[in-house]
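For reference, target_35.cif (mmCIF, C-alpha atoms):
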```cif
data_upload
loop_
_atom_site.group_PDB
_atom_site.id
_atom_site.type_symbol
_atom_site.label_atom_id
_atom_site.label_comp_id
_atom_site.auth_asym_id
_atom_site.auth_seq_id
_atom_site.Cartn_x
_atom_site.Cartn_y
_atom_site.Cartn_z
ATOM 1 C CA MET A 1 -20.388 -70.022 -42.423
ATOM 2 C CA THR A 2 -24.141 -70.405 -42.856
ATOM 3 C CA ALA A 3 -26.259 -72.787 -40.789
ATOM 4 C CA ASP A 4 -27.781 -74.396 -43.888
ATOM 5 C CA ASN A 5 -24.460 -74.993 -45.615
ATOM 6 C CA PRO A 6 -21.209 -74.743 -43.628
ATOM 7 C CA GLN A 7 -19.268 -74.470 -46.894
ATOM 8 C CA ILE A 8 -20.909 -71.149 -47.787
ATOM 9 C CA ARG A 9 -19.479 -68.123 -46.040
ATOM 10 C CA HIS A 10 -21.453 -65.038 -45.087
ATOM 11 C CA PHE A 11 -20.036 -61.576 -45.695
ATOM 12 C CA VAL A 12 -21.441 -58.195 -44.702
ATOM 13 C CA VAL A 13 -20.638 -55.465 -47.226
ATOM 14 C CA ALA A 14 -21.329 -51.860 -46.259
ATOM 15 C CA ILE A 15 -21.315 -48.954 -48.696
ATOM 16 C CA THR A 16 -21.018 -45.459 -47.210
ATOM 17 C CA GLY A 17 -21.089 -41.960 -48.667
ATOM 18 C CA ALA A 18 -17.421 -41.862 -49.638
ATOM 19 C CA SER A 19 -16.738 -41.717 -53.364
ATOM 20 C CA GLY A 20 -16.154 -45.131 -54.905
ATOM 21 C CA SER A 21 -19.401 -47.068 -54.507
ATOM 22 C CA VAL A 22 -18.272 -49.102 -57.510
ATOM 23 C CA TYR A 23 -15.789 -50.873 -55.223
ATOM 24 C CA GLY A 24 -18.611 -52.211 -53.075
ATOM 25 C CA LEU A 25 -20.736 -53.165 -56.069
ATOM 26 C CA ARG A 26 -17.904 -55.012 -57.790
ATOM 27 C CA LEU A 27 -16.988 -56.767 -54.557
ATOM 28 C CA ILE A 28 -20.525 -58.050 -54.091
ATOM 29 C CA SER A 29 -20.560 -59.352 -57.669
ATOM 30 C CA GLU A 30 -17.346 -61.286 -57.094
ATOM 31 C CA LEU A 31 -18.459 -62.720 -53.758
ATOM 32 C CA LEU A 32 -21.705 -63.933 -55.311
ATOM 33 C CA ARG A 33 -19.772 -65.374 -58.245
ATOM 34 C CA SER A 34 -17.713 -67.354 -55.745
ATOM 35 C CA GLY A 35 -20.867 -68.817 -54.217
ATOM 36 C CA GLU A 36 -20.810 -66.810 -50.996
ATOM 37 C CA ARG A 37 -23.745 -65.138 -49.234
ATOM 38 C CA VAL A 38 -23.795 -61.356 -48.876
ATOM 39 C CA SER A 39 -25.703 -58.919 -46.674
ATOM 40 C CA LEU A 40 -25.588 -55.311 -47.860
ATOM 41 C CA ILE A 41 -25.797 -52.305 -45.551
ATOM 42 C CA LEU A 42 -26.262 -49.103 -47.533
ATOM 43 C CA THR A 43 -26.193 -45.745 -45.771
ATOM 44 C CA SER A 44 -28.343 -42.807 -46.850
ATOM 45 C CA ALA A 45 -25.273 -40.932 -48.067
ATOM 46 C CA GLY A 46 -24.118 -44.117 -49.770
ATOM 47 C CA ARG A 47 -27.352 -44.257 -51.784
ATOM 48 C CA GLN A 48 -26.983 -40.620 -52.819
ATOM 49 C CA VAL A 49 -23.364 -40.940 -53.914
ATOM 50 C CA MET A 50 -24.070 -44.230 -55.693
ATOM 51 C CA ASN A 51 -26.870 -42.575 -57.647
ATOM 52 C CA HIS A 52 -24.553 -39.722 -58.612
ATOM 53 C CA GLU A 53 -21.658 -41.992 -59.612
ATOM 54 C CA THR A 54 -23.476 -44.933 -61.214
ATOM 55 C CA GLY A 55 -27.039 -43.805 -61.931
ATOM 56 C CA LEU A 56 -28.474 -46.547 -59.712
ATOM 57 C CA GLU A 57 -31.533 -45.417 -57.766
ATOM 58 C CA TRP A 58 -32.107 -47.856 -54.937
ATOM 59 C CA SER A 59 -34.961 -47.214 -52.545
ATOM 60 C CA ALA A 60 -34.523 -46.336 -48.879
ATOM 61 C CA GLU A 61 -37.431 -48.691 -48.137
ATOM 62 C CA ILE A 62 -35.696 -51.957 -47.332
ATOM 63 C CA LYS A 63 -38.175 -54.352 -48.976
ATOM 64 C CA VAL A 64 -38.056 -52.428 -52.233
ATOM 65 C CA GLN A 65 -34.294 -52.058 -51.978
ATOM 66 C CA ARG A 66 -33.896 -55.815 -51.462
ATOM 67 C CA GLN A 67 -35.862 -56.520 -54.639
ATOM 68 C CA GLN A 68 -33.853 -53.950 -56.607
ATOM 69 C CA VAL A 69 -30.534 -55.308 -55.365
ATOM 70 C CA GLN A 70 -31.435 -58.935 -56.066
ATOM 71 C CA GLU A 71 -32.550 -57.986 -59.563
ATOM 72 C CA TYR A 72 -29.367 -55.993 -60.160
ATOM 73 C CA PHE A 73 -27.105 -58.869 -59.127
ATOM 74 C CA ALA A 74 -29.483 -61.533 -60.493
ATOM 75 C CA SER A 75 -29.140 -63.436 -57.227
ATOM 76 C CA ILE A 76 -31.160 -64.164 -54.103
ATOM 77 C CA ALA A 77 -27.925 -64.859 -52.214
ATOM 78 C CA VAL A 78 -27.652 -61.131 -51.523
ATOM 79 C CA ASP A 79 -29.817 -59.538 -48.844
ATOM 80 C CA CYS A 80 -30.261 -55.955 -47.658
ATOM 81 C CA LEU A 81 -30.163 -54.877 -44.027
ATOM 82 C CA ALA A 82 -31.786 -51.657 -42.854
ATOM 83 C CA ILE A 83 -29.301 -49.252 -41.304
ATOM 84 C CA ASP A 84 -31.455 -49.004 -38.157
ATOM 85 C CA ASP A 85 -32.279 -52.726 -37.812
ATOM 86 C CA PHE A 86 -30.581 -53.781 -34.589
ATOM 87 C CA TRP A 87 -32.480 -57.084 -34.696
ATOM 88 C CA ALA A 88 -30.372 -58.188 -37.664
ATOM 89 C CA GLY A 89 -27.941 -61.027 -37.029
ATOM 90 C CA ALA A 90 -25.032 -58.738 -37.847
ATOM 91 C CA ALA A 91 -25.732 -56.836 -34.621
ATOM 92 C CA SER A 92 -24.877 -59.813 -32.413
ATOM 93 C CA GLY A 93 -21.721 -61.802 -31.853
ATOM 94 C CA SER A 94 -23.827 -64.960 -31.678
ATOM 95 C CA ALA A 95 -24.812 -64.542 -35.335
ATOM 96 C CA ALA A 96 -21.871 -62.586 -36.706
ATOM 97 C CA ALA A 97 -20.808 -62.906 -40.324
ATOM 98 C CA ASP A 98 -17.518 -64.487 -41.328
ATOM 99 C CA ALA A 99 -16.171 -61.063 -42.294
ATOM 100 C CA MET A 100 -17.296 -57.493 -42.890
ATOM 101 C CA ILE A 101 -16.057 -55.081 -45.518
ATOM 102 C CA VAL A 102 -16.816 -51.358 -45.597
ATOM 103 C CA ALA A 103 -16.114 -50.297 -49.176
ATOM 104 C CA PRO A 104 -15.854 -47.439 -49.595
ATOM 105 C CA CYS A 105 -15.461 -46.266 -46.006
ATOM 106 C CA SER A 106 -16.024 -42.590 -45.279
ATOM 107 C CA MET A 107 -13.887 -40.857 -42.667
ATOM 108 C CA GLY A 108 -17.005 -40.149 -40.619
ATOM 109 C CA THR A 109 -17.927 -43.828 -40.461
ATOM 110 C CA LEU A 110 -14.317 -44.776 -39.794
ATOM 111 C CA GLY A 111 -14.093 -42.279 -36.934
ATOM 112 C CA ARG A 112 -17.264 -43.564 -35.290
ATOM 113 C CA ILE A 113 -16.079 -47.168 -35.535
ATOM 114 C CA ALA A 114 -12.726 -46.139 -34.054
ATOM 115 C CA ALA A 115 -14.566 -44.496 -31.148
ATOM 116 C CA GLY A 116 -16.539 -47.667 -30.456
ATOM 117 C CA LEU A 117 -19.878 -46.045 -31.252
ATOM 118 C CA SER A 118 -22.870 -48.123 -32.318
ATOM 119 C CA GLY A 119 -25.327 -45.520 -33.527
ATOM 120 C CA ASN A 120 -26.556 -47.667 -36.408
ATOM 121 C CA LEU A 121 -26.316 -51.248 -37.675
ATOM 122 C CA LEU A 122 -23.185 -50.589 -39.723
ATOM 123 C CA GLU A 123 -21.281 -49.287 -36.713
ATOM 124 C CA ARG A 124 -22.596 -52.033 -34.437
ATOM 125 C CA ALA A 125 -21.738 -54.771 -36.951
ATOM 126 C CA ALA A 126 -18.193 -53.413 -37.240
ATOM 127 C CA ASP A 127 -17.904 -53.328 -33.451
ATOM 128 C CA VAL A 128 -19.057 -56.954 -33.329
ATOM 129 C CA MET A 129 -16.345 -57.928 -35.796
ATOM 130 C CA LEU A 130 -13.692 -56.350 -33.603
ATOM 131 C CA LYS A 131 -14.915 -57.778 -30.313
ATOM 132 C CA GLU A 132 -15.348 -61.262 -31.791
ATOM 133 C CA ARG A 133 -11.897 -61.081 -33.419
ATOM 134 C CA ARG A 134 -13.364 -61.598 -36.873
ATOM 135 C CA ARG A 135 -12.133 -60.030 -40.076
ATOM 136 C CA LEU A 136 -13.054 -56.361 -40.545
ATOM 137 C CA LEU A 137 -11.795 -54.690 -43.722
ATOM 138 C CA LEU A 138 -12.054 -50.933 -44.071
ATOM 139 C CA VAL A 139 -11.487 -49.416 -47.512
ATOM 140 C CA PRO A 140 -10.987 -45.665 -47.017
ATOM 141 C CA ARG A 141 -11.315 -43.489 -50.106
ATOM 142 C CA GLU A 142 -10.071 -40.120 -48.946
ATOM 143 C CA THR A 143 -7.131 -37.864 -49.752
ATOM 144 C CA PRO A 144 -5.264 -36.209 -48.207
ATOM 145 C CA PHE A 145 -5.485 -37.570 -44.658
ATOM 146 C CA ASN A 146 -5.375 -35.245 -41.684
ATOM 147 C CA ASN A 147 -3.962 -36.148 -38.264
ATOM 148 C CA ILE A 148 -7.357 -37.252 -36.955
ATOM 149 C CA HIS A 149 -7.827 -39.597 -39.916
ATOM 150 C CA LEU A 150 -4.386 -41.116 -39.391
ATOM 151 C CA GLU A 151 -4.913 -41.558 -35.659
ATOM 152 C CA ASN A 152 -8.243 -43.290 -36.278
ATOM 153 C CA LEU A 153 -6.695 -45.550 -38.914
ATOM 154 C CA LEU A 154 -3.897 -46.520 -36.532
ATOM 155 C CA ARG A 155 -6.329 -47.122 -33.689
ATOM 156 C CA LEU A 156 -8.447 -49.427 -35.824
ATOM 157 C CA SER A 157 -5.420 -51.291 -37.140
ATOM 158 C CA GLN A 158 -4.257 -51.856 -33.574
ATOM 159 C CA ALA A 159 -7.765 -53.072 -32.681
ATOM 160 C CA GLY A 160 -7.535 -55.747 -35.367
ATOM 161 C CA ALA A 161 -9.096 -54.186 -38.458
ATOM 162 C CA VAL A 162 -7.424 -54.457 -41.850
ATOM 163 C CA ILE A 163 -6.940 -51.039 -43.430
ATOM 164 C CA LEU A 164 -7.023 -51.468 -47.206
ATOM 165 C CA PRO A 165 -7.043 -48.057 -48.919
ATOM 166 C CA ALA A 166 -8.489 -47.808 -52.408
ATOM 167 C CA MET A 167 -5.022 -47.470 -53.953
ATOM 168 C CA PRO A 168 -4.761 -49.301 -57.296
ATOM 169 C CA GLY A 169 -1.466 -50.639 -58.575
ATOM 170 C CA PHE A 170 -0.176 -50.125 -62.095
ATOM 171 C CA TYR A 171 2.292 -52.978 -62.585
ATOM 172 C CA HIS A 172 -0.490 -55.165 -64.023
ATOM 173 C CA GLY A 173 -0.954 -52.834 -66.994
ATOM 174 C CA PRO A 174 -4.454 -51.409 -66.386
ATOM 175 C CA GLU A 175 -6.187 -50.011 -69.460
ATOM 176 C CA THR A 176 -9.618 -49.065 -68.117
ATOM 177 C CA ILE A 177 -11.255 -47.723 -64.978
ATOM 178 C CA GLU A 178 -12.644 -51.225 -64.480
ATOM 179 C CA ASP A 179 -9.077 -52.575 -64.366
ATOM 180 C CA LEU A 180 -8.216 -50.125 -61.581
ATOM 181 C CA VAL A 181 -11.357 -51.065 -59.645
ATOM 182 C CA ASP A 182 -10.640 -54.764 -60.101
ATOM 183 C CA PHE A 183 -7.163 -54.376 -58.621
ATOM 184 C CA VAL A 184 -8.538 -52.976 -55.368
ATOM 185 C CA VAL A 185 -11.382 -55.499 -55.239
ATOM 186 C CA GLY A 186 -8.899 -58.277 -55.918
ATOM 187 C CA LYS A 187 -6.800 -57.169 -52.956
ATOM 188 C CA ILE A 188 -9.930 -57.267 -50.790
ATOM 189 C CA LEU A 189 -10.718 -60.786 -51.994
ATOM 190 C CA ASP A 190 -7.156 -61.857 -51.186
ATOM 191 C CA GLN A 191 -7.745 -60.822 -47.570
ATOM 192 C CA LEU A 192 -10.939 -62.894 -47.531
ATOM 193 C CA ASP A 193 -9.262 -65.977 -49.042
ATOM 194 C CA VAL A 194 -11.569 -65.815 -52.055
ATOM 195 C CA GLN A 195 -10.028 -67.023 -55.304
ATOM 196 C CA HIS A 196 -10.150 -64.627 -58.243
ATOM 197 C CA SER A 197 -8.433 -63.613 -61.471
ATOM 198 C CA LEU A 198 -9.148 -59.885 -61.405
ATOM 199 C CA PHE A 199 -5.574 -58.771 -62.008
ATOM 200 C CA THR A 200 -2.193 -60.079 -63.071
ATOM 201 C CA ARG A 201 0.023 -60.638 -60.060
ATOM 202 C CA TRP A 202 3.561 -59.372 -59.706
ATOM 203 C CA GLY A 203 5.958 -61.629 -61.583
ATOM 204 C CA GLU A 204 3.285 -62.965 -63.904
ATOM 205 C CA ASP A 205 3.237 -62.092 -67.589
ATOM 206 C CA CYS A 206 1.383 -58.787 -68.021
ATOM 207 C CA ASP A 207 1.151 -59.108 -71.811
#
```

In structure tokens, how does this file's structure come out?
Amino acid sequence: MTADNPQIRHFVVAITGASGSVYGLRLISELLRSGERVSLILTSAGRQVMNHETGLEWSAEIKVQRQQVQEYFASIAVDCLAIDDFWAGAASGSAAADAMIVAPCSMGTLGRIAAGLSGNLLERAADVMLKERRRLLLVPRETPFNNIHLENLLRLSQAGAVILPAMPGFYHGPETIEDLVDFVVGKILDQLDVQHSLFTRWGEDCD
């Protein structure tokens, strides 16, 4: 919840260098549509992969990036946090967000979170979520998994994180890539108790 309005929730969304930056972008759009506040943490590799996959060229300079992101989403309810800014509220349990989502989550980032490292703001914010028993969603986009990946996933699940792989369903009759993305984003929103209509649920009419 935010101090100004307890009805508005605050979510941290992190985008790493794993393929699938569109998941993070679509998630932010839906959270803003629902009237929530979002803080974006974008890694250097995340910017590079996003540029390759979507054509978006967001600056590494945080003030410029903030302006670009707010223009892209047409909203001032989204902010950008520098990856090395340990003065950000997300770095402290006293100012932690309601939930944090890493989408997509690279195996490198996942491994460092599993090890309890706090080498940058993303890792520290995730550690805060775990220690404060708040919702941490990790959306790995990797295949196949090796033993180290699986051990890290299990360790994080046991620590309280929600592991939500980017695995779209097909029972809702997807016809486009956007439909597949929306299924995964919808599952994320379900975990955050955010209402949406991104996909047809099991048992509903798919026609």

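Minimum atom-to-atom distance to Val181 in chain A, evaluated using all atoms listed in the file, belongs to A:Ala103 out of A:Ile8, A:Met129, A:Ala103, A:Leu81.
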
**Request:** Specify as a PyMOL selection string each residue included when the PyMOL selection byres ((chain A and resi 198) around 7) is applied to this file.
**Result:** chain A and resi 182-183+186+196-197+199

**9 Å contact set for range 26-31 of chain A, all atoms listed in the file, chain neighbours under 5 positions out, as a ChimeraX atom specification** = /A:11,13,21,36-38,40,73,78,103,181-182,185-186,188-189,194,196

May I have a table of the residues of range 54-139 of chain A lying at most 7 Å from range 146-162 of chain A, giving each one's closest pair of atoms and their distance in Å to one decimal, counting all atoms listed in the file, ordered by chain and ascending residue number, as JSON lines?
```
{"residue": "A:Met107", "atom": "CA", "partner": "A:His149", "partner_atom": "CA", "distance": 6.8}
{"residue": "A:Gly111", "atom": "CA", "partner": "A:Asn152", "partner_atom": "CA", "distance": 6.0}
{"residue": "A:Ala114", "atom": "CA", "partner": "A:Leu156", "partner_atom": "CA", "distance": 5.7}
{"residue": "A:Leu130", "atom": "CA", "partner": "A:Gly160", "partner_atom": "CA", "distance": 6.4}
{"residue": "A:Arg135", "atom": "CA", "partner": "A:Ala161", "partner_atom": "CA", "distance": 6.8}
{"residue": "A:Leu136", "atom": "CA", "partner": "A:Ala161", "partner_atom": "CA", "distance": 5.0}
{"residue": "A:Leu137", "atom": "CA", "partner": "A:Val162", "partner_atom": "CA", "distance": 4.8}
{"residue": "A:Leu138", "atom": "CA", "partner": "A:Val162", "partner_atom": "CA", "distance": 6.2}
```

**Fill in**
If you count all atoms listed in the file, the residue of A:Glu132, A:Arg9, A:Ile41, A:Pro165 closest to Ser94 in chain A turns out to be A:Glu132

**Asked** Written as a VMD selection string, which residues does the PyMOL selection byres ((chain A and resi 43-47) around 6) give for the file shown?
**Response** chain A and resid 15 to 17 42 48 to 50
